[in-house]
Amino acid sequence: MSKEVKTVGTKEALGAGVLGLGLLVLFLPSAVQKIADLEFITSEAFAMLSGSVMVVGIFILLAGLAVMFAKFE
Amino acid sequence: MATAQPVAKKKAANQIPLTYVVALVPVAIALNIVGGQINTALNLPIFLDMIGTAVVAIVLGPWWGALVGALTNIIASFISGPIGLPFAVCNVVGALIWGYGVRSLKMGRKFWTFFVLNLAVAFFVSMTAVPIYVFLFGGATGHFSDMMTAAFLAMGQNLLVSVFSSNIIVSLADKIIAGFVALAIIEALPANMTTGIELPKSEGLSKILWIVGGIVIGVAVMLFSMYGLGG
């Protein structure tokens, strides 16, 4: 009666990484507004948000490439 | 038929029990947050928020490490304010380099290659952090490294070079310490969690000395930045 151990592999790891990046994108707008409200910050919220989304976008592209080149079998 | 066994072995090595993920990921996030809080409380010229990321990236894989990195900064932003959230990408970069460095490029085989990997992590994390510092925060976030940035600016350097110079020194100390503390934690994990990962093979006291040596180098760089440049 040995119970089969559930395992996760490359596919699930990449999925988890993309989930993390997605969460980051979801939290960025509110965080960016709070940062823009700080006294010593001179940048505007829109500029910060566009910059941040571009950087996170690069990582999402990397994750997409990793999915394309990963061997799942 | 001759290749069937190695392929099956490789496939098995890529598969991790789900329990490892459920056990390690939350602990690593907690370790990162506690490290960051200790660092803030002591006002040290390092960050200490990537030790858990390094452990997970090496033991489970780079993209699990990326998840830990992103979640660390998201959760920490609720505790210590939103400034840390844009730096989540730095945590993700660190996870990918540690993970792919040890698991794909086999840079964990020897202590000196692992040391070089930590230097590479420091460099690429700094390359990611500097534009965030300069373009989002105007060069200062209230971290100890701001004093070093001010010192470099006073020497006549421009803002980008000053921020990079101070950040790379802080990052070098931080990633060397984080990498070798992570190695010590990985050594303490059950052996079946680390099967298939090529880490330095010395035994007993020799291994402890290498790990302590790495941490001492990191602390020395930190002290240099504290008393040589910052203070």
# chains A, B, ... in the order shown; residues from 1 in each chain; ligands from 1
call {"tool": "residues_around", "arguments": {"residues": "Gln37 of chain B", "least_positions_apart": "2", "cutoff": "10 Å", "atoms": "only C-alpha atoms", "output": "PyMOL selection string"}}
result
chain B and resi 31-35+39-43+47-49+76+79-80
call {"tool": "write_last_selection", "arguments": {"atoms": "C-alpha atoms", "output": "mmCIF file, in the first residue's frame"}}
result
data_model
loop_
_atom_site.group_PDB
_atom_site.id
_atom_site.type_symbol
_atom_site.label_atom_id
_atom_site.label_comp_id
_atom_site.auth_asym_id
_atom_site.auth_seq_id
_atom_site.Cartn_x
_atom_site.Cartn_y
_atom_site.Cartn_z
ATOM 1 C CA LEU B 31 14.111 33.850 6.010
ATOM 2 C CA ASN B 32 14.454 36.643 3.421
ATOM 3 C CA ILE B 33 12.014 38.918 5.277
ATOM 4 C CA VAL B 34 13.622 38.281 8.690
ATOM 5 C CA GLY B 35 17.088 38.897 7.191
ATOM 6 C CA ASN B 39 19.513 44.403 8.366
ATOM 7 C CA THR B 40 17.175 47.412 8.659
ATOM 8 C CA ALA B 41 17.233 47.254 12.465
ATOM 9 C CA LEU B 42 21.052 47.144 12.603
ATOM 10 C CA ASN B 43 21.463 49.627 9.710
ATOM 11 C CA PHE B 47 20.627 43.712 2.400
ATOM 12 C CA LEU B 48 20.468 40.083 3.733
ATOM 13 C CA ASP B 49 17.175 39.532 1.874
ATOM 14 C CA ALA B 76 7.951 42.926 2.612
ATOM 15 C CA ILE B 79 5.629 45.405 6.279
ATOM 16 C CA SER B 80 8.260 48.025 5.561
#
call {"tool": "interface_residues", "arguments": {"of": "chain A", "to": "chain B", "cutoff": "8 Å", "atoms": "only C-alpha atoms", "output": "PDB file with N, CA and C atoms, in the first residue's frame"}}
result
ATOM      1  N   VAL A   5       4.251   9.403  -4.391  1.00  0.00           N
ATOM      2  CA  VAL A   5       4.635  10.769  -4.003  1.00  0.00           C
ATOM      3  C   VAL A   5       4.356  11.721  -5.172  1.00  0.00           C
ATOM      4  N   LYS A   6       3.651  12.809  -4.897  1.00  0.00           N
ATOM      5  CA  LYS A   6       3.390  13.808  -5.947  1.00  0.00           C
ATOM      6  C   LYS A   6       4.669  14.584  -6.221  1.00  0.00           C
ATOM      7  N   THR A   7       5.009  14.705  -7.495  1.00  0.00           N
ATOM      8  CA  THR A   7       6.237  15.443  -7.828  1.00  0.00           C
ATOM      9  C   THR A   7       5.918  16.625  -8.742  1.00  0.00           C
ATOM     10  N   VAL A   8       6.842  17.599  -8.730  1.00  0.00           N
ATOM     11  CA  VAL A   8       6.734  18.744  -9.639  1.00  0.00           C
ATOM     12  C   VAL A   8       8.046  18.852 -10.411  1.00  0.00           C
ATOM     13  N   GLY A   9       7.970  19.384 -11.617  1.00  0.00           N
ATOM     14  CA  GLY A   9       9.177  19.473 -12.454  1.00  0.00           C
ATOM     15  C   GLY A   9       9.368  20.851 -13.062  1.00  0.00           C
ATOM     16  N   THR A  10      10.067  20.885 -14.191  1.00  0.00           N
ATOM     17  CA  THR A  10      10.391  22.155 -14.860  1.00  0.00           C
ATOM     18  C   THR A  10       9.138  22.953 -15.219  1.00  0.00           C
ATOM     19  N   ALA A  13       7.788  24.612 -12.189  1.00  0.00           N
ATOM     20  CA  ALA A  13       8.720  25.662 -11.740  1.00  0.00           C
ATOM     21  C   ALA A  13       8.549  26.923 -12.575  1.00  0.00           C
ATOM     22  N   LEU A  14       8.456  26.739 -13.908  1.00  0.00           N
ATOM     23  CA  LEU A  14       8.264  27.891 -14.789  1.00  0.00           C
ATOM     24  C   LEU A  14       6.914  28.547 -14.526  1.00  0.00           C
ATOM     25  N   ALA A  16       5.352  28.600 -11.686  1.00  0.00           N
ATOM     26  CA  ALA A  16       5.460  29.326 -10.416  1.00  0.00           C
ATOM     27  C   ALA A  16       6.182  30.654 -10.607  1.00  0.00           C
ATOM     28  N   GLY A  17       7.248  30.632 -11.412  1.00  0.00           N
ATOM     29  CA  GLY A  17       7.999  31.864 -11.681  1.00  0.00           C
ATOM     30  C   GLY A  17       7.124  32.902 -12.366  1.00  0.00           C
ATOM     31  N   VAL A  18       6.343  32.457 -13.352  1.00  0.00           N
ATOM     32  CA  VAL A  18       5.451  33.381 -14.079  1.00  0.00           C
ATOM     33  C   VAL A  18       4.368  33.908 -13.129  1.00  0.00           C
ATOM     34  N   LEU A  19       3.869  33.034 -12.225  1.00  0.00           N
ATOM     35  CA  LEU A  19       2.888  33.477 -11.223  1.00  0.00           C
ATOM     36  C   LEU A  19       3.464  34.598 -10.353  1.00  0.00           C
ATOM     37  N   GLY A  20       4.721  34.416  -9.929  1.00  0.00           N
ATOM     38  CA  GLY A  20       5.392  35.432  -9.104  1.00  0.00           C
ATOM     39  C   GLY A  20       5.494  36.759  -9.834  1.00  0.00           C
ATOM     40  N   LEU A  21       5.880  36.675 -11.121  1.00  0.00           N
ATOM     41  CA  LEU A  21       5.997  37.901 -11.927  1.00  0.00           C
ATOM     42  C   LEU A  21       4.630  38.552 -12.122  1.00  0.00           C
ATOM     43  N   LEU A  23       2.052  38.371 -10.060  1.00  0.00           N
ATOM     44  CA  LEU A  23       1.689  39.009  -8.784  1.00  0.00           C
ATOM     45  C   LEU A  23       2.378  40.361  -8.649  1.00  0.00           C
ATOM     46  N   LEU A  24       3.656  40.373  -9.055  1.00  0.00           N
ATOM     47  CA  LEU A  24       4.440  41.613  -8.986  1.00  0.00           C
ATOM     48  C   LEU A  24       3.780  42.713  -9.827  1.00  0.00           C
ATOM     49  N   PHE A  27       0.694  44.130  -8.136  1.00  0.00           N
ATOM     50  CA  PHE A  27       0.919  45.016  -6.989  1.00  0.00           C
ATOM     51  C   PHE A  27       1.625  46.323  -7.370  1.00  0.00           C
ATOM     52  N   LEU A  28       2.198  46.366  -8.578  1.00  0.00           N
ATOM     53  CA  LEU A  28       2.982  47.552  -8.957  1.00  0.00           C
ATOM     54  C   LEU A  28       2.196  48.866  -8.958  1.00  0.00           C
ATOM     55  N   ALA A  31       1.703  50.287  -5.444  1.00  0.00           N
ATOM     56  CA  ALA A  31       2.998  50.584  -4.814  1.00  0.00           C
ATOM     57  C   ALA A  31       3.637  51.818  -5.439  1.00  0.00           C
ATOM     58  N   VAL A  32       3.539  51.907  -6.762  1.00  0.00           N
ATOM     59  CA  VAL A  32       4.143  53.041  -7.476  1.00  0.00           C
ATOM     60  C   VAL A  32       3.496  54.358  -7.034  1.00  0.00           C
ATOM     61  N   LYS A  34       2.146  54.913  -4.124  1.00  0.00           N
ATOM     62  CA  LYS A  34       2.634  55.203  -2.757  1.00  0.00           C
ATOM     63  C   LYS A  34       4.059  55.759  -2.796  1.00  0.00           C
ATOM     64  N   ILE A  35       4.891  55.207  -3.704  1.00  0.00           N
ATOM     65  CA  ILE A  35       6.274  55.708  -3.824  1.00  0.00           C
ATOM     66  C   ILE A  35       6.263  57.161  -4.307  1.00  0.00           C
ATOM     67  N   ILE A  41      10.754  61.822  -3.405  1.00  0.00           N
ATOM     68  CA  ILE A  41      10.656  61.298  -4.771  1.00  0.00           C
ATOM     69  C   ILE A  41      10.228  62.420  -5.718  1.00  0.00           C
ATOM     70  N   THR A  42      11.035  62.590  -6.771  1.00  0.00           N
ATOM     71  CA  THR A  42      10.724  63.650  -7.733  1.00  0.00           C
ATOM     72  C   THR A  42      10.029  63.098  -8.984  1.00  0.00           C
ATOM     73  N   SER A  43      10.182  61.765  -9.231  1.00  0.00           N
ATOM     74  CA  SER A  43       9.579  61.181 -10.435  1.00  0.00           C
ATOM     75  C   SER A  43       8.058  61.109 -10.310  1.00  0.00           C
ATOM     76  N   MET A  48       7.272  55.980 -13.459  1.00  0.00           N
ATOM     77  CA  MET A  48       7.760  54.848 -12.658  1.00  0.00           C
ATOM     78  C   MET A  48       7.067  53.554 -13.070  1.00  0.00           C
ATOM     79  N   SER A  52       8.819  50.254 -14.634  1.00  0.00           N
ATOM     80  CA  SER A  52       8.736  48.989 -13.896  1.00  0.00           C
ATOM     81  C   SER A  52       8.094  47.900 -14.743  1.00  0.00           C
ATOM     82  N   VAL A  55      10.531  46.530 -17.273  1.00  0.00           N
ATOM     83  CA  VAL A  55      11.529  45.621 -16.693  1.00  0.00           C
ATOM     84  C   VAL A  55      10.896  44.257 -16.412  1.00  0.00           C
ATOM     85  N   VAL A  56       9.710  44.258 -15.781  1.00  0.00           N
ATOM     86  CA  VAL A  56       9.053  42.975 -15.476  1.00  0.00           C
ATOM     87  C   VAL A  56       8.691  42.258 -16.785  1.00  0.00           C
ATOM     88  N   GLU A  73       9.792  16.395 -21.036  1.00  0.00           N
ATOM     89  CA  GLU A  73       9.726  14.923 -21.001  1.00  0.00           C
ATOM     90  C   GLU A  73      11.104  14.339 -20.755  1.00  0.00           C
TER      91      GLU A  73
END
call {"tool": "atom_distance", "arguments": {"atom1": "atom CA of Ile208 of chain B", "atom2": "atom CA of Asn167 of chain B"}}
result
29.0 Å
call {"tool": "select_by_dssp", "arguments": {"residues": "chain A", "states": "alpha helix (DSSP H)", "output": "JSON, numbers by chain"}}
result
{"A": [10, 11, 12, 13, 14, 15, 16, 17, 18, 19, 20, 21, 22, 23, 24, 25, 26, 27, 28, 29, 30, 31, 32, 33, 34, 35, 36, 45, 46, 47, 48, 49, 50, 51, 52, 53, 54, 55, 56, 57, 58, 59, 60, 61, 62, 63, 64, 65, 66, 67, 68, 69]}
call {"tool": "write_last_selection", "arguments": {"atoms": "N, CA and C atoms", "output": "short mmCIF file (atom, residue, chain, number, x, y, z; two decimals), in the first residue's frame"}}
result
data_model
loop_
_atom_site.label_atom_id
_atom_site.label_comp_id
_atom_site.auth_asym_id
_atom_site.auth_seq_id
_atom_site.Cartn_x
_atom_site.Cartn_y
_atom_site.Cartn_z
N THR A 10 10.07 20.89 -14.19
CA THR A 10 10.39 22.15 -14.86
C THR A 10 9.14 22.95 -15.22
N LYS A 11 8.10 22.24 -15.69
CA LYS A 11 6.87 22.91 -16.12
C LYS A 11 6.26 23.69 -14.96
N GLU A 12 6.16 23.03 -13.81
CA GLU A 12 5.56 23.67 -12.63
C GLU A 12 6.44 24.81 -12.13
N ALA A 13 7.79 24.61 -12.19
CA ALA A 13 8.72 25.66 -11.74
C ALA A 13 8.55 26.92 -12.57
N LEU A 14 8.46 26.74 -13.91
CA LEU A 14 8.26 27.89 -14.79
C LEU A 14 6.91 28.55 -14.53
N GLY A 15 5.91 27.74 -14.30
CA GLY A 15 4.58 28.27 -13.98
C GLY A 15 4.63 29.10 -12.71
N ALA A 16 5.35 28.60 -11.69
CA ALA A 16 5.46 29.33 -10.42
C ALA A 16 6.18 30.65 -10.61
N GLY A 17 7.25 30.63 -11.41
CA GLY A 17 8.00 31.86 -11.68
C GLY A 17 7.12 32.90 -12.37
N VAL A 18 6.34 32.46 -13.35
CA VAL A 18 5.45 33.38 -14.08
C VAL A 18 4.37 33.91 -13.13
N LEU A 19 3.87 33.03 -12.22
CA LEU A 19 2.89 33.48 -11.22
C LEU A 19 3.46 34.60 -10.35
N GLY A 20 4.72 34.42 -9.93
CA GLY A 20 5.39 35.43 -9.10
C GLY A 20 5.49 36.76 -9.83
N LEU A 21 5.88 36.68 -11.12
CA LEU A 21 6.00 37.90 -11.93
C LEU A 21 4.63 38.55 -12.12
N GLY A 22 3.60 37.73 -12.32
CA GLY A 22 2.24 38.24 -12.48
C GLY A 22 1.78 38.97 -11.23
N LEU A 23 2.05 38.37 -10.06
CA LEU A 23 1.69 39.01 -8.78
C LEU A 23 2.38 40.36 -8.65
N LEU A 24 3.66 40.37 -9.06
CA LEU A 24 4.44 41.61 -8.99
C LEU A 24 3.78 42.71 -9.83
N VAL A 25 3.36 42.35 -11.04
CA VAL A 25 2.71 43.32 -11.92
C VAL A 25 1.40 43.82 -11.29
N LEU A 26 0.67 42.90 -10.64
CA LEU A 26 -0.61 43.28 -10.01
C LEU A 26 -0.40 44.30 -8.88
N PHE A 27 0.69 44.13 -8.14
CA PHE A 27 0.92 45.02 -6.99
C PHE A 27 1.63 46.32 -7.37
N LEU A 28 2.20 46.37 -8.58
CA LEU A 28 2.98 47.55 -8.96
C LEU A 28 2.20 48.87 -8.96
N PRO A 29 0.99 48.92 -9.56
CA PRO A 29 0.31 50.23 -9.64
C PRO A 29 0.11 50.91 -8.29
N SER A 30 -0.38 50.16 -7.28
CA SER A 30 -0.63 50.79 -5.98
C SER A 30 0.69 51.17 -5.30
N ALA A 31 1.70 50.29 -5.44
CA ALA A 31 3.00 50.58 -4.81
C ALA A 31 3.64 51.82 -5.44
N VAL A 32 3.54 51.91 -6.76
CA VAL A 32 4.14 53.04 -7.48
C VAL A 32 3.50 54.36 -7.03
N GLN A 33 2.17 54.34 -6.85
CA GLN A 33 1.48 55.56 -6.39
C GLN A 33 1.97 55.95 -5.00
N LYS A 34 2.15 54.91 -4.12
CA LYS A 34 2.63 55.20 -2.76
C LYS A 34 4.06 55.76 -2.80
N ILE A 35 4.89 55.21 -3.70
CA ILE A 35 6.27 55.71 -3.82
C ILE A 35 6.26 57.16 -4.31
N ALA A 36 5.39 57.43 -5.30
CA ALA A 36 5.33 58.80 -5.87
C ALA A 36 4.89 59.81 -4.80
N ALA A 45 4.34 59.12 -10.99
CA ALA A 45 3.87 57.73 -10.89
C ALA A 45 3.83 57.04 -12.25
N PHE A 46 3.36 57.77 -13.29
CA PHE A 46 3.23 57.14 -14.62
C PHE A 46 4.58 56.70 -15.16
N ALA A 47 5.59 57.57 -15.01
CA ALA A 47 6.93 57.22 -15.51
C ALA A 47 7.49 56.01 -14.78
N MET A 48 7.27 55.98 -13.46
CA MET A 48 7.76 54.85 -12.66
C MET A 48 7.07 53.55 -13.07
N LEU A 49 5.75 53.66 -13.28
CA LEU A 49 4.98 52.46 -13.62
C LEU A 49 5.40 51.93 -14.99
N SER A 50 5.57 52.85 -15.97
CA SER A 50 5.96 52.36 -17.29
C SER A 50 7.34 51.70 -17.24
N GLY A 51 8.28 52.31 -16.51
CA GLY A 51 9.61 51.72 -16.39
C GLY A 51 9.56 50.35 -15.75
N SER A 52 8.82 50.25 -14.63
CA SER A 52 8.74 48.99 -13.90
C SER A 52 8.09 47.90 -14.74
N VAL A 53 7.02 48.26 -15.45
CA VAL A 53 6.32 47.25 -16.27
C VAL A 53 7.24 46.77 -17.39
N MET A 54 8.05 47.67 -17.94
CA MET A 54 8.98 47.26 -19.01
C MET A 54 10.00 46.25 -18.48
N VAL A 55 10.53 46.53 -17.27
CA VAL A 55 11.53 45.62 -16.69
C VAL A 55 10.90 44.26 -16.41
N VAL A 56 9.71 44.26 -15.78
CA VAL A 56 9.05 42.98 -15.48
C VAL A 56 8.69 42.26 -16.79
N GLY A 57 8.32 43.06 -17.82
CA GLY A 57 8.00 42.48 -19.13
C GLY A 57 9.16 41.69 -19.71
N ILE A 58 10.38 42.21 -19.50
CA ILE A 58 11.57 41.49 -19.99
C ILE A 58 11.67 40.12 -19.33
N PHE A 59 11.38 40.07 -18.03
CA PHE A 59 11.45 38.78 -17.32
C PHE A 59 10.35 37.83 -17.78
N ILE A 60 9.18 38.39 -18.11
CA ILE A 60 8.11 37.53 -18.61
C ILE A 60 8.51 36.96 -19.98
N LEU A 61 9.18 37.78 -20.80
CA LEU A 61 9.70 37.28 -22.08
C LEU A 61 10.72 36.17 -21.86
N LEU A 62 11.60 36.37 -20.86
CA LEU A 62 12.60 35.34 -20.53
C LEU A 62 11.92 34.04 -20.10
N ALA A 63 10.85 34.19 -19.30
CA ALA A 63 10.11 33.01 -18.85
C ALA A 63 9.48 32.31 -20.04
N GLY A 64 8.96 33.10 -20.99
CA GLY A 64 8.37 32.52 -22.20
C GLY A 64 9.41 31.74 -23.00
N LEU A 65 10.62 32.34 -23.12
CA LEU A 65 11.70 31.65 -23.84
C LEU A 65 12.09 30.36 -23.12
N ALA A 66 12.14 30.44 -21.76
CA ALA A 66 12.48 29.25 -20.97
C ALA A 66 11.45 28.15 -21.20
N VAL A 67 10.17 28.53 -21.30
CA VAL A 67 9.11 27.53 -21.56
C VAL A 67 9.34 26.90 -22.93
N MET A 68 9.72 27.77 -23.92
CA MET A 68 9.91 27.23 -25.28
C MET A 68 11.07 26.25 -25.35
N PHE A 69 12.14 26.53 -24.61
CA PHE A 69 13.34 25.69 -24.73
C PHE A 69 13.44 24.59 -23.68
#
call {"tool": "residues_around", "arguments": {"residues": "Phe115 of chain B", "least_positions_apart": "5", "cutoff": "12 Å", "atoms": "only C-alpha atoms", "output": "PDB file with N, CA and C atoms, in the first residue's frame"}}
result
ATOM      1  N   TRP B  98      21.801  32.308  -9.657  1.00  0.00           N
ATOM      2  CA  TRP B  98      22.204  31.235  -8.728  1.00  0.00           C
ATOM      3  C   TRP B  98      21.687  29.875  -9.217  1.00  0.00           C
ATOM      4  N   GLY B 101      23.247  28.934 -12.621  1.00  0.00           N
ATOM      5  CA  GLY B 101      24.694  28.808 -12.396  1.00  0.00           C
ATOM      6  C   GLY B 101      25.046  27.472 -11.761  1.00  0.00           C
ATOM      7  N   VAL B 102      24.315  27.078 -10.728  1.00  0.00           N
ATOM      8  CA  VAL B 102      24.635  25.822 -10.036  1.00  0.00           C
ATOM      9  C   VAL B 102      24.071  24.625 -10.791  1.00  0.00           C
ATOM     10  N   MET B 107      28.394  25.520 -11.688  1.00  0.00           N
ATOM     11  CA  MET B 107      29.371  26.385 -11.020  1.00  0.00           C
ATOM     12  C   MET B 107      29.433  26.142  -9.513  1.00  0.00           C
ATOM     13  N   GLY B 108      28.709  25.146  -9.036  1.00  0.00           N
ATOM     14  CA  GLY B 108      28.765  24.823  -7.615  1.00  0.00           C
ATOM     15  C   GLY B 108      29.705  23.664  -7.314  1.00  0.00           C
ATOM     16  N   ARG B 109      30.406  23.136  -8.351  1.00  0.00           N
ATOM     17  CA  ARG B 109      31.262  21.962  -8.154  1.00  0.00           C
ATOM     18  C   ARG B 109      32.425  22.237  -7.211  1.00  0.00           C
ATOM     19  N   LYS B 110      33.033  23.423  -7.367  1.00  0.00           N
ATOM     20  CA  LYS B 110      34.204  23.767  -6.547  1.00  0.00           C
ATOM     21  C   LYS B 110      33.912  25.061  -5.801  1.00  0.00           C
ATOM     22  N   ALA B 120      29.259  37.033  -9.819  1.00  0.00           N
ATOM     23  CA  ALA B 120      28.415  37.270 -11.002  1.00  0.00           C
ATOM     24  C   ALA B 120      27.015  37.712 -10.567  1.00  0.00           C
ATOM     25  N   VAL B 121      26.488  37.073  -9.519  1.00  0.00           N
ATOM     26  CA  VAL B 121      25.162  37.463  -9.004  1.00  0.00           C
ATOM     27  C   VAL B 121      25.214  38.926  -8.565  1.00  0.00           C
ATOM     28  N   ALA B 122      26.271  39.292  -7.813  1.00  0.00           N
ATOM     29  CA  ALA B 122      26.408  40.668  -7.325  1.00  0.00           C
ATOM     30  C   ALA B 122      26.426  41.650  -8.488  1.00  0.00           C
ATOM     31  N   LEU B 172      28.411  43.126  -3.535  1.00  0.00           N
ATOM     32  CA  LEU B 172      29.458  42.094  -3.443  1.00  0.00           C
ATOM     33  C   LEU B 172      29.454  41.467  -2.052  1.00  0.00           C
ATOM     34  N   ALA B 173      29.478  42.337  -1.016  1.00  0.00           N
ATOM     35  CA  ALA B 173      29.471  41.824   0.363  1.00  0.00           C
ATOM     36  C   ALA B 173      28.211  41.009   0.610  1.00  0.00           C
ATOM     37  N   LYS B 175      26.064  39.448  -1.513  1.00  0.00           N
ATOM     38  CA  LYS B 175      25.879  38.182  -2.252  1.00  0.00           C
ATOM     39  C   LYS B 175      26.899  37.124  -1.844  1.00  0.00           C
ATOM     40  N   ILE B 176      28.115  37.553  -1.453  1.00  0.00           N
ATOM     41  CA  ILE B 176      29.092  36.570  -0.973  1.00  0.00           C
ATOM     42  C   ILE B 176      28.572  35.970   0.341  1.00  0.00           C
ATOM     43  N   ILE B 177      28.098  36.832   1.249  1.00  0.00           N
ATOM     44  CA  ILE B 177      27.563  36.340   2.524  1.00  0.00           C
ATOM     45  C   ILE B 177      26.330  35.460   2.259  1.00  0.00           C
ATOM     46  N   ALA B 178      25.387  35.960   1.430  1.00  0.00           N
ATOM     47  CA  ALA B 178      24.151  35.206   1.163  1.00  0.00           C
ATOM     48  C   ALA B 178      24.462  33.850   0.534  1.00  0.00           C
ATOM     49  N   GLY B 179      25.379  33.824  -0.438  1.00  0.00           N
ATOM     50  CA  GLY B 179      25.714  32.578  -1.129  1.00  0.00           C
ATOM     51  C   GLY B 179      26.297  31.545  -0.189  1.00  0.00           C
ATOM     52  N   PHE B 180      27.239  31.961   0.660  1.00  0.00           N
ATOM     53  CA  PHE B 180      27.895  30.987   1.539  1.00  0.00           C
ATOM     54  C   PHE B 180      27.008  30.597   2.732  1.00  0.00           C
ATOM     55  N   LEU B 183      24.828  28.061   1.280  1.00  0.00           N
ATOM     56  CA  LEU B 183      25.554  26.792   1.153  1.00  0.00           C
ATOM     57  C   LEU B 183      25.553  26.041   2.491  1.00  0.00           C
ATOM     58  N   LEU B 199      27.447  20.153  -5.680  1.00  0.00           N
ATOM     59  CA  LEU B 199      28.004  21.140  -4.760  1.00  0.00           C
ATOM     60  C   LEU B 199      29.410  20.708  -4.362  1.00  0.00           C
ATOM     61  N   PRO B 200      30.239  21.621  -3.792  1.00  0.00           N
ATOM     62  CA  PRO B 200      31.627  21.273  -3.450  1.00  0.00           C
ATOM     63  C   PRO B 200      31.701  20.002  -2.602  1.00  0.00           C
ATOM     64  N   TRP B 210      35.851  26.332   4.358  1.00  0.00           N
ATOM     65  CA  TRP B 210      35.570  27.028   3.099  1.00  0.00           C
ATOM     66  C   TRP B 210      34.353  27.940   3.253  1.00  0.00           C
ATOM     67  N   ILE B 211      33.307  27.407   3.886  1.00  0.00           N
ATOM     68  CA  ILE B 211      32.074  28.195   4.048  1.00  0.00           C
ATOM     69  C   ILE B 211      32.340  29.408   4.941  1.00  0.00           C
ATOM     70  N   GLY B 213      35.212  30.788   5.500  1.00  0.00           N
ATOM     71  CA  GLY B 213      36.113  31.668   4.751  1.00  0.00           C
ATOM     72  C   GLY B 213      35.343  32.587   3.814  1.00  0.00           C
ATOM     73  N   GLY B 214      34.375  32.021   3.087  1.00  0.00           N
ATOM     74  CA  GLY B 214      33.539  32.811   2.177  1.00  0.00           C
ATOM     75  C   GLY B 214      32.783  33.892   2.921  1.00  0.00           C
ATOM     76  N   ILE B 215      32.182  33.513   4.067  1.00  0.00           N
ATOM     77  CA  ILE B 215      31.413  34.494   4.851  1.00  0.00           C
ATOM     78  C   ILE B 215      32.347  35.583   5.383  1.00  0.00           C
ATOM     79  N   ILE B 217      35.111  36.692   4.024  1.00  0.00           N
ATOM     80  CA  ILE B 217      35.440  37.611   2.919  1.00  0.00           C
ATOM     81  C   ILE B 217      34.297  38.616   2.723  1.00  0.00           C
ATOM     82  N   GLY B 218      33.057  38.110   2.750  1.00  0.00           N
ATOM     83  CA  GLY B 218      31.885  38.985   2.611  1.00  0.00           C
ATOM     84  C   GLY B 218      31.824  40.028   3.707  1.00  0.00           C
TER      85      GLY B 218
END
call {"tool": "atom_distance", "arguments": {"atom1": "atom CA of Arg103 of chain B", "atom2": "atom CA of Ala70 of chain A"}}
result
13.6 Å
call {"tool": "atom_distance", "arguments": {"atom1": "atom CA of Val221 of chain B", "atom2": "atom CA of Ile169 of chain B"}}
result
7.3 Å
call {"tool": "residues_around", "arguments": {"residues": "Thr149 of chain B", "least_positions_apart": "2", "cutoff": "10 Å", "atoms": "only C-alpha atoms", "output": "PDB file with C-alpha atoms, in the first residue's frame"}}
result
ATOM      1  CA  GLY B 139      19.772  57.876  -6.402  1.00  0.00           C
ATOM      2  CA  ALA B 140      18.752  57.514  -2.745  1.00  0.00           C
ATOM      3  CA  PHE B 144      23.427  52.897   4.214  1.00  0.00           C
ATOM      4  CA  SER B 145      24.881  52.889   0.675  1.00  0.00           C
ATOM      5  CA  ASP B 146      23.480  56.424   0.150  1.00  0.00           C
ATOM      6  CA  MET B 147      26.392  57.708   2.242  1.00  0.00           C
ATOM      7  CA  ALA B 151      31.049  60.306  -1.064  1.00  0.00           C
ATOM      8  CA  PHE B 152      31.480  59.305  -4.725  1.00  0.00           C
ATOM      9  CA  LEU B 153      29.426  62.333  -5.850  1.00  0.00           C
ATOM     10  CA  ALA B 154      31.663  64.581  -3.736  1.00  0.00           C
ATOM     11  CA  MET B 155      34.668  63.110  -5.590  1.00  0.00           C
ATOM     12  CA  GLN B 157      31.583  61.353 -10.290  1.00  0.00           C
ATOM     13  CA  ASN B 158      28.191  61.581 -12.006  1.00  0.00           C
ATOM     14  CA  LEU B 159      25.087  60.115 -10.343  1.00  0.00           C
ATOM     15  CA  LEU B 160      24.921  56.870 -12.374  1.00  0.00           C
ATOM     16  CA  VAL B 161      28.590  56.008 -11.746  1.00  0.00           C
ATOM     17  CA  SER B 162      28.315  56.971  -8.043  1.00  0.00           C
ATOM     18  CA  VAL B 163      25.232  54.803  -7.477  1.00  0.00           C
ATOM     19  CA  PHE B 164      26.804  51.865  -9.368  1.00  0.00           C
ATOM     20  CA  SER B 165      30.089  52.193  -7.427  1.00  0.00           C
ATOM     21  CA  SER B 166      28.378  52.187  -4.037  1.00  0.00           C
ATOM     22  CA  ASN B 167      25.859  49.499  -5.026  1.00  0.00           C
ATOM     23  CA  LEU B 229      33.988  54.534   2.320  1.00  0.00           C
ATOM     24  CA  GLY B 230      30.870  55.185   4.339  1.00  0.00           C
TER      25      GLY B 230
END
call {"tool": "closest_residue", "arguments": {"among": "B:Ser225, B:Ser202, B:Ser171, B:Thr53", "to": "Ala129 of chain B", "atoms": "only C-alpha atoms"}}
result
B:Ser171
call {"tool": "decode", "arguments": {"residues": "segment 5-16 of chain A", "atoms": "C-alpha atoms", "output": "mmCIF file, in the first residue's frame"}}
result
data_model
loop_
_atom_site.group_PDB
_atom_site.id
_atom_site.type_symbol
_atom_site.label_atom_id
_atom_site.label_comp_id
_atom_site.auth_asym_id
_atom_site.auth_seq_id
_atom_site.Cartn_x
_atom_site.Cartn_y
_atom_site.Cartn_z
ATOM 1 C CA VAL A 5 4.635 10.769 -4.003
ATOM 2 C CA LYS A 6 3.390 13.808 -5.947
ATOM 3 C CA THR A 7 6.237 15.443 -7.828
ATOM 4 C CA VAL A 8 6.734 18.744 -9.639
ATOM 5 C CA GLY A 9 9.177 19.473 -12.454
ATOM 6 C CA THR A 10 10.391 22.155 -14.860
ATOM 7 C CA LYS A 11 6.871 22.910 -16.119
ATOM 8 C CA GLU A 12 5.557 23.671 -12.634
ATOM 9 C CA ALA A 13 8.720 25.662 -11.740
ATOM 10 C CA LEU A 14 8.264 27.891 -14.789
ATOM 11 C CA GLY A 15 4.577 28.273 -13.980
ATOM 12 C CA ALA A 16 5.460 29.326 -10.416
#
